[in-house]
file my_file-v5.cif (mmCIF, N, CA, C and O atoms)
data_input
#
loop_
_atom_site.label_atom_id
_atom_site.label_comp_id
_atom_site.auth_asym_id
_atom_site.auth_seq_id
_atom_site.Cartn_x
_atom_site.Cartn_y
_atom_site.Cartn_z
N MET A 1 65.10 -83.23 -10.56
CA MET A 1 65.19 -84.26 -9.55
C MET A 1 63.79 -84.73 -9.16
O MET A 1 63.55 -85.93 -9.06
N VAL A 2 62.88 -83.80 -8.98
CA VAL A 2 61.52 -84.17 -8.60
C VAL A 2 60.85 -84.94 -9.75
O VAL A 2 60.13 -85.91 -9.51
N GLN A 3 61.11 -84.52 -10.98
CA GLN A 3 60.56 -85.23 -12.13
C GLN A 3 61.07 -86.66 -12.17
O GLN A 3 60.32 -87.60 -12.45
N THR A 4 62.34 -86.87 -11.87
CA THR A 4 62.91 -88.21 -11.84
C THR A 4 62.27 -89.05 -10.77
O THR A 4 61.94 -90.23 -10.99
N TRP A 5 62.08 -88.49 -9.58
CA TRP A 5 61.42 -89.24 -8.50
C TRP A 5 60.01 -89.65 -8.93
O TRP A 5 59.59 -90.78 -8.72
N PHE A 6 59.29 -88.71 -9.53
CA PHE A 6 57.92 -88.97 -9.93
C PHE A 6 57.86 -90.04 -11.02
O PHE A 6 57.10 -91.01 -10.93
N PHE A 7 58.68 -89.90 -12.06
CA PHE A 7 58.67 -90.85 -13.16
C PHE A 7 59.13 -92.23 -12.72
O PHE A 7 58.52 -93.24 -13.09
N THR A 8 60.20 -92.30 -11.94
CA THR A 8 60.72 -93.59 -11.51
C THR A 8 59.72 -94.33 -10.64
O THR A 8 59.49 -95.53 -10.83
N SER A 9 59.09 -93.63 -9.72
CA SER A 9 58.12 -94.30 -8.86
C SER A 9 56.91 -94.77 -9.66
O SER A 9 56.41 -95.88 -9.45
N LEU A 10 56.44 -93.96 -10.60
CA LEU A 10 55.31 -94.38 -11.43
C LEU A 10 55.68 -95.56 -12.33
O LEU A 10 54.88 -96.47 -12.53
N ALA A 11 56.90 -95.55 -12.88
CA ALA A 11 57.33 -96.66 -13.73
C ALA A 11 57.44 -97.95 -12.93
O ALA A 11 57.06 -99.02 -13.42
N LEU A 12 57.95 -97.87 -11.72
CA LEU A 12 58.03 -99.06 -10.87
C LEU A 12 56.65 -99.59 -10.50
O LEU A 12 56.40 -100.80 -10.55
N VAL A 13 55.75 -98.70 -10.14
CA VAL A 13 54.39 -99.12 -9.79
C VAL A 13 53.70 -99.74 -11.01
O VAL A 13 53.06 -100.79 -10.90
N TYR A 14 53.85 -99.13 -12.16
CA TYR A 14 53.24 -99.67 -13.38
C TYR A 14 53.83 -101.04 -13.71
O TYR A 14 53.10 -101.98 -14.06
N GLY A 15 55.15 -101.19 -13.62
CA GLY A 15 55.78 -102.48 -13.89
C GLY A 15 55.34 -103.56 -12.94
O GLY A 15 55.11 -104.71 -13.33
N LEU A 16 55.21 -103.21 -11.67
CA LEU A 16 54.74 -104.19 -10.69
C LEU A 16 53.27 -104.55 -10.91
O LEU A 16 52.87 -105.70 -10.78
N ALA A 17 52.45 -103.55 -11.24
CA ALA A 17 51.02 -103.78 -11.42
C ALA A 17 50.72 -104.64 -12.65
O ALA A 17 49.81 -105.46 -12.63
N THR A 18 51.50 -104.45 -13.70
CA THR A 18 51.24 -105.20 -14.94
C THR A 18 52.05 -106.48 -15.03
O THR A 18 51.83 -107.28 -15.94
N GLY A 19 53.00 -106.68 -14.12
CA GLY A 19 53.83 -107.88 -14.14
C GLY A 19 54.89 -107.87 -15.22
O GLY A 19 55.44 -108.90 -15.57
N THR A 20 55.21 -106.69 -15.75
CA THR A 20 56.20 -106.58 -16.81
C THR A 20 57.55 -106.08 -16.32
O THR A 20 58.45 -105.84 -17.13
N LEU A 21 57.70 -105.91 -15.04
CA LEU A 21 58.96 -105.42 -14.48
C LEU A 21 59.97 -106.56 -14.46
O LEU A 21 59.74 -107.61 -13.86
N ALA A 22 61.08 -106.38 -15.16
CA ALA A 22 62.11 -107.42 -15.22
C ALA A 22 63.48 -106.78 -15.03
O ALA A 22 63.80 -105.76 -15.67
N PHE A 23 64.26 -107.32 -14.15
CA PHE A 23 65.62 -106.84 -13.92
C PHE A 23 66.60 -107.79 -14.60
O PHE A 23 66.64 -108.97 -14.32
N GLY A 24 67.36 -107.28 -15.53
CA GLY A 24 68.36 -108.07 -16.24
C GLY A 24 69.73 -107.45 -16.09
O GLY A 24 69.94 -106.54 -15.28
N ALA A 25 70.66 -107.93 -16.87
CA ALA A 25 72.03 -107.41 -16.82
C ALA A 25 72.08 -105.93 -17.21
O ALA A 25 72.82 -105.15 -16.62
N GLY A 26 71.27 -105.54 -18.20
CA GLY A 26 71.24 -104.14 -18.61
C GLY A 26 70.77 -103.20 -17.51
O GLY A 26 71.24 -102.08 -17.39
N THR A 27 69.85 -103.68 -16.71
CA THR A 27 69.35 -102.89 -15.60
C THR A 27 70.46 -102.62 -14.59
O THR A 27 70.61 -101.50 -14.10
N LEU A 28 71.22 -103.64 -14.29
CA LEU A 28 72.32 -103.48 -13.33
C LEU A 28 73.42 -102.58 -13.88
O LEU A 28 73.99 -101.76 -13.15
N TRP A 29 73.73 -102.73 -15.17
CA TRP A 29 74.74 -101.85 -15.78
C TRP A 29 74.25 -100.40 -15.76
O TRP A 29 75.05 -99.47 -15.52
N GLY A 30 72.99 -100.17 -16.02
CA GLY A 30 72.45 -98.82 -16.00
C GLY A 30 72.49 -98.21 -14.60
O GLY A 30 72.82 -97.03 -14.44
N ALA A 31 72.17 -99.02 -13.60
CA ALA A 31 72.23 -98.53 -12.22
C ALA A 31 73.67 -98.21 -11.83
O ALA A 31 73.93 -97.18 -11.18
N ALA A 32 74.61 -99.06 -12.23
CA ALA A 32 76.02 -98.81 -11.92
C ALA A 32 76.51 -97.54 -12.61
O ALA A 32 77.24 -96.74 -12.01
N ALA A 33 76.09 -97.33 -13.85
CA ALA A 33 76.48 -96.12 -14.57
C ALA A 33 75.91 -94.88 -13.89
O ALA A 33 76.60 -93.86 -13.76
N GLY A 34 74.67 -94.95 -13.44
CA GLY A 34 74.07 -93.82 -12.74
C GLY A 34 74.80 -93.48 -11.45
O GLY A 34 75.04 -92.31 -11.14
N VAL A 35 75.19 -94.50 -10.70
CA VAL A 35 75.94 -94.27 -9.46
C VAL A 35 77.29 -93.64 -9.77
O VAL A 35 77.72 -92.70 -9.08
N LEU A 36 77.97 -94.11 -10.81
CA LEU A 36 79.27 -93.54 -11.16
C LEU A 36 79.15 -92.08 -11.62
O LEU A 36 80.02 -91.26 -11.33
N VAL A 37 78.07 -91.75 -12.32
CA VAL A 37 77.86 -90.36 -12.74
C VAL A 37 77.65 -89.47 -11.52
O VAL A 37 78.22 -88.38 -11.42
N VAL A 38 76.86 -89.93 -10.56
CA VAL A 38 76.62 -89.14 -9.34
C VAL A 38 77.92 -88.95 -8.57
O VAL A 38 78.23 -87.85 -8.10
N VAL A 39 78.72 -89.99 -8.45
CA VAL A 39 80.01 -89.89 -7.75
C VAL A 39 80.93 -88.91 -8.48
O VAL A 39 81.60 -88.08 -7.85
N GLY A 40 80.96 -88.98 -9.81
CA GLY A 40 81.80 -88.06 -10.58
C GLY A 40 81.39 -86.61 -10.40
O GLY A 40 82.24 -85.73 -10.19
N TYR A 41 80.09 -86.33 -10.49
CA TYR A 41 79.63 -84.95 -10.30
C TYR A 41 79.84 -84.47 -8.87
O TYR A 41 80.16 -83.31 -8.64
N TYR A 42 79.70 -85.35 -7.91
CA TYR A 42 79.95 -84.97 -6.52
C TYR A 42 81.42 -84.59 -6.33
O TYR A 42 81.74 -83.58 -5.71
N ASN A 43 82.30 -85.41 -6.86
CA ASN A 43 83.73 -85.11 -6.74
C ASN A 43 84.11 -83.84 -7.48
O ASN A 43 84.96 -83.08 -7.02
N PHE A 44 83.49 -83.59 -8.62
CA PHE A 44 83.74 -82.35 -9.34
C PHE A 44 83.27 -81.15 -8.53
O PHE A 44 83.98 -80.14 -8.43
N ALA A 45 82.09 -81.23 -7.94
CA ALA A 45 81.59 -80.13 -7.12
C ALA A 45 82.49 -79.90 -5.91
O ALA A 45 82.76 -78.76 -5.54
N TRP A 46 82.97 -80.99 -5.32
CA TRP A 46 83.89 -80.86 -4.19
C TRP A 46 85.18 -80.17 -4.62
O TRP A 46 85.71 -79.31 -3.92
N SER A 47 85.70 -80.54 -5.81
CA SER A 47 86.95 -79.93 -6.28
C SER A 47 86.76 -78.45 -6.59
O SER A 47 87.69 -77.67 -6.44
N LEU A 48 85.58 -78.07 -7.06
CA LEU A 48 85.33 -76.64 -7.30
C LEU A 48 85.35 -75.85 -6.01
O LEU A 48 85.79 -74.70 -5.99
N ARG A 49 84.87 -76.46 -4.94
CA ARG A 49 84.85 -75.76 -3.67
C ARG A 49 86.25 -75.60 -3.09
O ARG A 49 86.57 -74.60 -2.45
N HIS A 50 87.11 -76.58 -3.33
CA HIS A 50 88.43 -76.59 -2.69
C HIS A 50 89.60 -76.30 -3.62
O HIS A 50 90.74 -76.33 -3.17
N GLY A 51 89.34 -76.03 -4.88
CA GLY A 51 90.43 -75.79 -5.81
C GLY A 51 90.14 -74.62 -6.74
O GLY A 51 89.15 -73.91 -6.59
N SER A 52 91.00 -74.46 -7.72
CA SER A 52 90.86 -73.38 -8.69
C SER A 52 89.83 -73.77 -9.75
O SER A 52 89.91 -74.84 -10.35
N VAL A 53 88.86 -72.90 -9.98
CA VAL A 53 87.80 -73.19 -10.92
C VAL A 53 88.36 -73.34 -12.34
O VAL A 53 87.96 -74.23 -13.09
N SER A 54 89.30 -72.49 -12.72
CA SER A 54 89.83 -72.54 -14.08
C SER A 54 90.55 -73.86 -14.35
O SER A 54 90.46 -74.40 -15.45
N THR A 55 91.21 -74.42 -13.37
CA THR A 55 91.89 -75.70 -13.55
C THR A 55 90.90 -76.85 -13.53
O THR A 55 90.94 -77.73 -14.39
N ASN A 56 90.01 -76.87 -12.59
CA ASN A 56 89.06 -77.97 -12.45
C ASN A 56 88.11 -78.08 -13.63
O ASN A 56 87.83 -79.18 -14.10
N ALA A 57 87.57 -76.97 -14.09
CA ALA A 57 86.63 -77.01 -15.20
C ALA A 57 87.31 -77.49 -16.48
O ALA A 57 86.72 -78.25 -17.25
N ALA A 58 88.54 -77.09 -16.70
CA ALA A 58 89.27 -77.54 -17.88
C ALA A 58 89.50 -79.05 -17.84
O ALA A 58 89.34 -79.75 -18.84
N ILE A 59 89.89 -79.56 -16.70
CA ILE A 59 90.13 -81.00 -16.56
C ILE A 59 88.81 -81.77 -16.71
O ILE A 59 88.75 -82.81 -17.36
N PHE A 60 87.74 -81.27 -16.13
CA PHE A 60 86.45 -81.93 -16.22
C PHE A 60 85.96 -82.02 -17.66
O PHE A 60 85.41 -83.03 -18.08
N ARG A 61 86.18 -80.99 -18.46
CA ARG A 61 85.70 -80.96 -19.84
C ARG A 61 86.60 -81.74 -20.80
O ARG A 61 86.24 -81.92 -21.95
N LEU A 62 87.75 -82.21 -20.36
CA LEU A 62 88.62 -82.99 -21.25
C LEU A 62 87.94 -84.26 -21.74
O LEU A 62 88.21 -84.72 -22.86
N SER A 63 87.07 -84.85 -20.94
CA SER A 63 86.41 -86.08 -21.36
C SER A 63 85.53 -85.85 -22.58
O SER A 63 85.29 -86.77 -23.35
N PHE A 64 85.06 -84.63 -22.80
CA PHE A 64 84.23 -84.34 -23.95
C PHE A 64 85.06 -83.87 -25.14
O PHE A 64 84.62 -83.94 -26.26
N ALA A 65 86.29 -83.42 -24.91
CA ALA A 65 87.13 -82.89 -25.97
C ALA A 65 87.98 -83.97 -26.64
O ALA A 65 88.38 -83.82 -27.78
N LEU A 66 88.29 -85.04 -25.94
CA LEU A 66 89.13 -86.10 -26.48
C LEU A 66 88.26 -87.22 -27.01
O LEU A 66 87.66 -87.95 -26.23
N PRO A 67 88.19 -87.38 -28.32
CA PRO A 67 87.37 -88.47 -28.86
C PRO A 67 88.06 -89.82 -28.67
O PRO A 67 89.28 -89.88 -28.52
N PRO A 68 87.29 -90.90 -28.68
CA PRO A 68 87.90 -92.22 -28.54
C PRO A 68 88.72 -92.56 -29.78
O PRO A 68 88.45 -92.05 -30.87
N ARG A 69 89.71 -93.41 -29.61
CA ARG A 69 90.55 -93.82 -30.73
C ARG A 69 89.77 -94.72 -31.67
O ARG A 69 88.98 -95.54 -31.25
N SER A 70 90.02 -94.57 -32.94
CA SER A 70 89.33 -95.43 -33.91
C SER A 70 90.05 -96.78 -33.98
O SER A 70 91.25 -96.87 -33.72
N PRO A 71 89.34 -97.84 -34.35
CA PRO A 71 89.95 -99.18 -34.37
C PRO A 71 90.89 -99.39 -35.54
O PRO A 71 91.50 -100.44 -35.66
N CYS A 72 91.04 -98.41 -36.44
CA CYS A 72 91.90 -98.59 -37.63
C CYS A 72 93.36 -98.69 -37.27
O CYS A 72 93.99 -97.98 -36.69
#
call {"tool": "encode", "arguments": {"input": "my_file-v5.cif", "output": "structure tokens"}}
result
Amino acid sequence: MVQTWFFTSLALVYGLATGTLAFGAGTLWGAAAGVLVVVGYYNFAWSLRHGSVSTNAAIFRLSFALPPRSPC
């Protein structure tokens, strides 16, 4: 977390100083994805505190076990 704070602040300062900082659609999608990841991990941690660990961990790991369907 501290490394992220340090890197992000330095990257923003460098982008502002050199005039190369640009916010586009990809930037907004990346920020939205980051917020959704934080919300997901927060909800998972909350469920571990209030539910059965064996059930919650299995459900959480399903997203990695089920591959996406192929277009064929």
call {"tool": "atom_distance", "arguments": {"input": "my_file-v5.cif", "atom1": "atom CA of Gly30 of chain A", "atom2": "atom CA of Arg49 of chain A"}}
result
28.9 Å
call {"tool": "atom_distance", "arguments": {"input": "my_file-v5.cif", "atom1": "atom CA of Gly24 of chain A", "atom2": "atom CA of Leu36 of chain A"}}
result
18.9 Å
call {"tool": "atom_distance", "arguments": {"input": "my_file-v5.cif", "atom1": "atom CA of Phe44 of chain A", "atom2": "atom C of Asn56 of chain A"}}
result
7.5 Å
call {"tool": "decode", "arguments": {"input": "my_file-v5.cif", "residues": "segment 35-50 of chain A", "atoms": "all heavy atoms", "output": "compact mmCIF listing (two decimals), in the first residue's frame"}}
result
# COMPACT_ATOMS: atom_id res chain seq x y z
N VAL A 35 -11.77 0.48 -8.22
CA VAL A 35 -12.79 0.67 -7.19
C VAL A 35 -13.60 -0.62 -7.00
O VAL A 35 -13.89 -1.03 -5.87
CB VAL A 35 -13.72 1.86 -7.54
CG1 VAL A 35 -14.95 1.89 -6.67
CG2 VAL A 35 -12.96 3.16 -7.44
N LEU A 36 -13.96 -1.28 -8.09
CA LEU A 36 -14.72 -2.52 -7.99
C LEU A 36 -13.92 -3.63 -7.31
O LEU A 36 -14.48 -4.43 -6.55
CB LEU A 36 -15.19 -2.97 -9.37
CG LEU A 36 -16.27 -2.10 -10.00
CD1 LEU A 36 -16.59 -2.58 -11.41
CD2 LEU A 36 -17.53 -2.08 -9.14
N VAL A 37 -12.62 -3.69 -7.55
CA VAL A 37 -11.77 -4.68 -6.88
C VAL A 37 -11.74 -4.42 -5.38
O VAL A 37 -11.87 -5.34 -4.57
CB VAL A 37 -10.35 -4.68 -7.47
CG1 VAL A 37 -9.39 -5.45 -6.60
CG2 VAL A 37 -10.37 -5.25 -8.87
N VAL A 38 -11.60 -3.16 -4.99
CA VAL A 38 -11.58 -2.82 -3.56
C VAL A 38 -12.91 -3.17 -2.91
O VAL A 38 -12.95 -3.75 -1.81
CB VAL A 38 -11.24 -1.32 -3.36
CG1 VAL A 38 -11.48 -0.90 -1.93
CG2 VAL A 38 -9.81 -1.06 -3.76
N VAL A 39 -14.01 -2.87 -3.57
CA VAL A 39 -15.33 -3.20 -3.03
C VAL A 39 -15.49 -4.72 -2.89
O VAL A 39 -16.00 -5.23 -1.89
CB VAL A 39 -16.45 -2.60 -3.92
CG1 VAL A 39 -17.81 -3.16 -3.55
CG2 VAL A 39 -16.45 -1.09 -3.82
N GLY A 40 -15.03 -5.46 -3.90
CA GLY A 40 -15.13 -6.92 -3.84
C GLY A 40 -14.32 -7.51 -2.69
O GLY A 40 -14.81 -8.38 -1.96
N TYR A 41 -13.08 -7.06 -2.53
CA TYR A 41 -12.26 -7.56 -1.43
C TYR A 41 -12.82 -7.14 -0.07
O TYR A 41 -12.76 -7.90 0.90
CB TYR A 41 -10.82 -7.10 -1.56
CG TYR A 41 -10.03 -7.94 -2.53
CD1 TYR A 41 -9.42 -7.37 -3.62
CD2 TYR A 41 -9.90 -9.31 -2.34
CE1 TYR A 41 -8.71 -8.14 -4.51
CE2 TYR A 41 -9.18 -10.08 -3.22
CZ TYR A 41 -8.59 -9.50 -4.31
OH TYR A 41 -7.88 -10.25 -5.19
N TYR A 42 -13.38 -5.96 0.02
CA TYR A 42 -13.98 -5.52 1.28
C TYR A 42 -15.17 -6.41 1.63
O TYR A 42 -15.31 -6.86 2.77
CB TYR A 42 -14.43 -4.07 1.18
CG TYR A 42 -15.19 -3.61 2.41
CD1 TYR A 42 -14.51 -3.26 3.57
CD2 TYR A 42 -16.57 -3.57 2.42
CE1 TYR A 42 -15.19 -2.88 4.70
CE2 TYR A 42 -17.27 -3.19 3.54
CZ TYR A 42 -16.58 -2.84 4.68
OH TYR A 42 -17.27 -2.47 5.80
N ASN A 43 -16.01 -6.68 0.65
CA ASN A 43 -17.17 -7.54 0.91
C ASN A 43 -16.75 -8.96 1.26
O ASN A 43 -17.38 -9.62 2.09
CB ASN A 43 -18.11 -7.54 -0.29
CG ASN A 43 -18.88 -6.25 -0.41
OD1 ASN A 43 -19.13 -5.57 0.57
ND2 ASN A 43 -19.23 -5.89 -1.63
N PHE A 44 -15.70 -9.45 0.62
CA PHE A 44 -15.19 -10.78 0.96
C PHE A 44 -14.67 -10.81 2.39
O PHE A 44 -14.95 -11.75 3.14
CB PHE A 44 -14.11 -11.19 -0.02
CG PHE A 44 -13.48 -12.50 0.31
CD1 PHE A 44 -14.22 -13.67 0.26
CD2 PHE A 44 -12.15 -12.59 0.65
CE1 PHE A 44 -13.65 -14.89 0.56
CE2 PHE A 44 -11.56 -13.79 0.95
CZ PHE A 44 -12.32 -14.96 0.91
N ALA A 45 -13.92 -9.80 2.78
CA ALA A 45 -13.41 -9.75 4.16
C ALA A 45 -14.55 -9.66 5.16
O ALA A 45 -14.51 -10.29 6.22
CB ALA A 45 -12.46 -8.57 4.32
N TRP A 46 -15.58 -8.89 4.81
CA TRP A 46 -16.75 -8.79 5.70
C TRP A 46 -17.43 -10.15 5.83
O TRP A 46 -17.84 -10.56 6.91
CB TRP A 46 -17.73 -7.75 5.15
CG TRP A 46 -18.90 -7.53 6.04
CD1 TRP A 46 -19.01 -6.65 7.07
CD2 TRP A 46 -20.16 -8.22 5.99
NE1 TRP A 46 -20.24 -6.74 7.66
CE2 TRP A 46 -20.97 -7.69 7.01
CE3 TRP A 46 -20.67 -9.21 5.17
CZ2 TRP A 46 -22.26 -8.16 7.24
CZ3 TRP A 46 -21.95 -9.66 5.40
CH2 TRP A 46 -22.73 -9.14 6.42
N SER A 47 -17.56 -10.88 4.70
CA SER A 47 -18.22 -12.19 4.75
C SER A 47 -17.40 -13.19 5.55
O SER A 47 -17.98 -14.08 6.19
CB SER A 47 -18.48 -12.72 3.34
OG SER A 47 -17.28 -13.12 2.72
N LEU A 48 -16.09 -13.09 5.52
CA LEU A 48 -15.27 -13.99 6.34
C LEU A 48 -15.48 -13.74 7.82
O LEU A 48 -15.46 -14.67 8.62
CB LEU A 48 -13.78 -13.80 6.00
CG LEU A 48 -13.33 -14.35 4.66
CD1 LEU A 48 -11.86 -14.02 4.45
CD2 LEU A 48 -13.56 -15.84 4.57
N ARG A 49 -15.70 -12.49 8.18
CA ARG A 49 -15.92 -12.17 9.58
C ARG A 49 -17.28 -12.67 10.07
O ARG A 49 -17.43 -13.09 11.22
CB ARG A 49 -15.83 -10.66 9.80
CG ARG A 49 -16.10 -10.26 11.24
CD ARG A 49 -15.93 -8.81 11.43
NE ARG A 49 -14.50 -8.57 11.57
CZ ARG A 49 -13.98 -7.43 11.96
NH1 ARG A 49 -14.75 -6.41 12.21
NH2 ARG A 49 -12.69 -7.28 12.08
N HIS A 50 -18.28 -12.65 9.19
CA HIS A 50 -19.64 -12.95 9.61
C HIS A 50 -20.18 -14.29 9.11
O HIS A 50 -21.33 -14.61 9.38
CB HIS A 50 -20.58 -11.84 9.13
CG HIS A 50 -20.25 -10.51 9.70
ND1 HIS A 50 -20.46 -10.18 11.01
CD2 HIS A 50 -19.68 -9.42 9.13
CE1 HIS A 50 -20.06 -8.95 11.23
NE2 HIS A 50 -19.57 -8.46 10.11
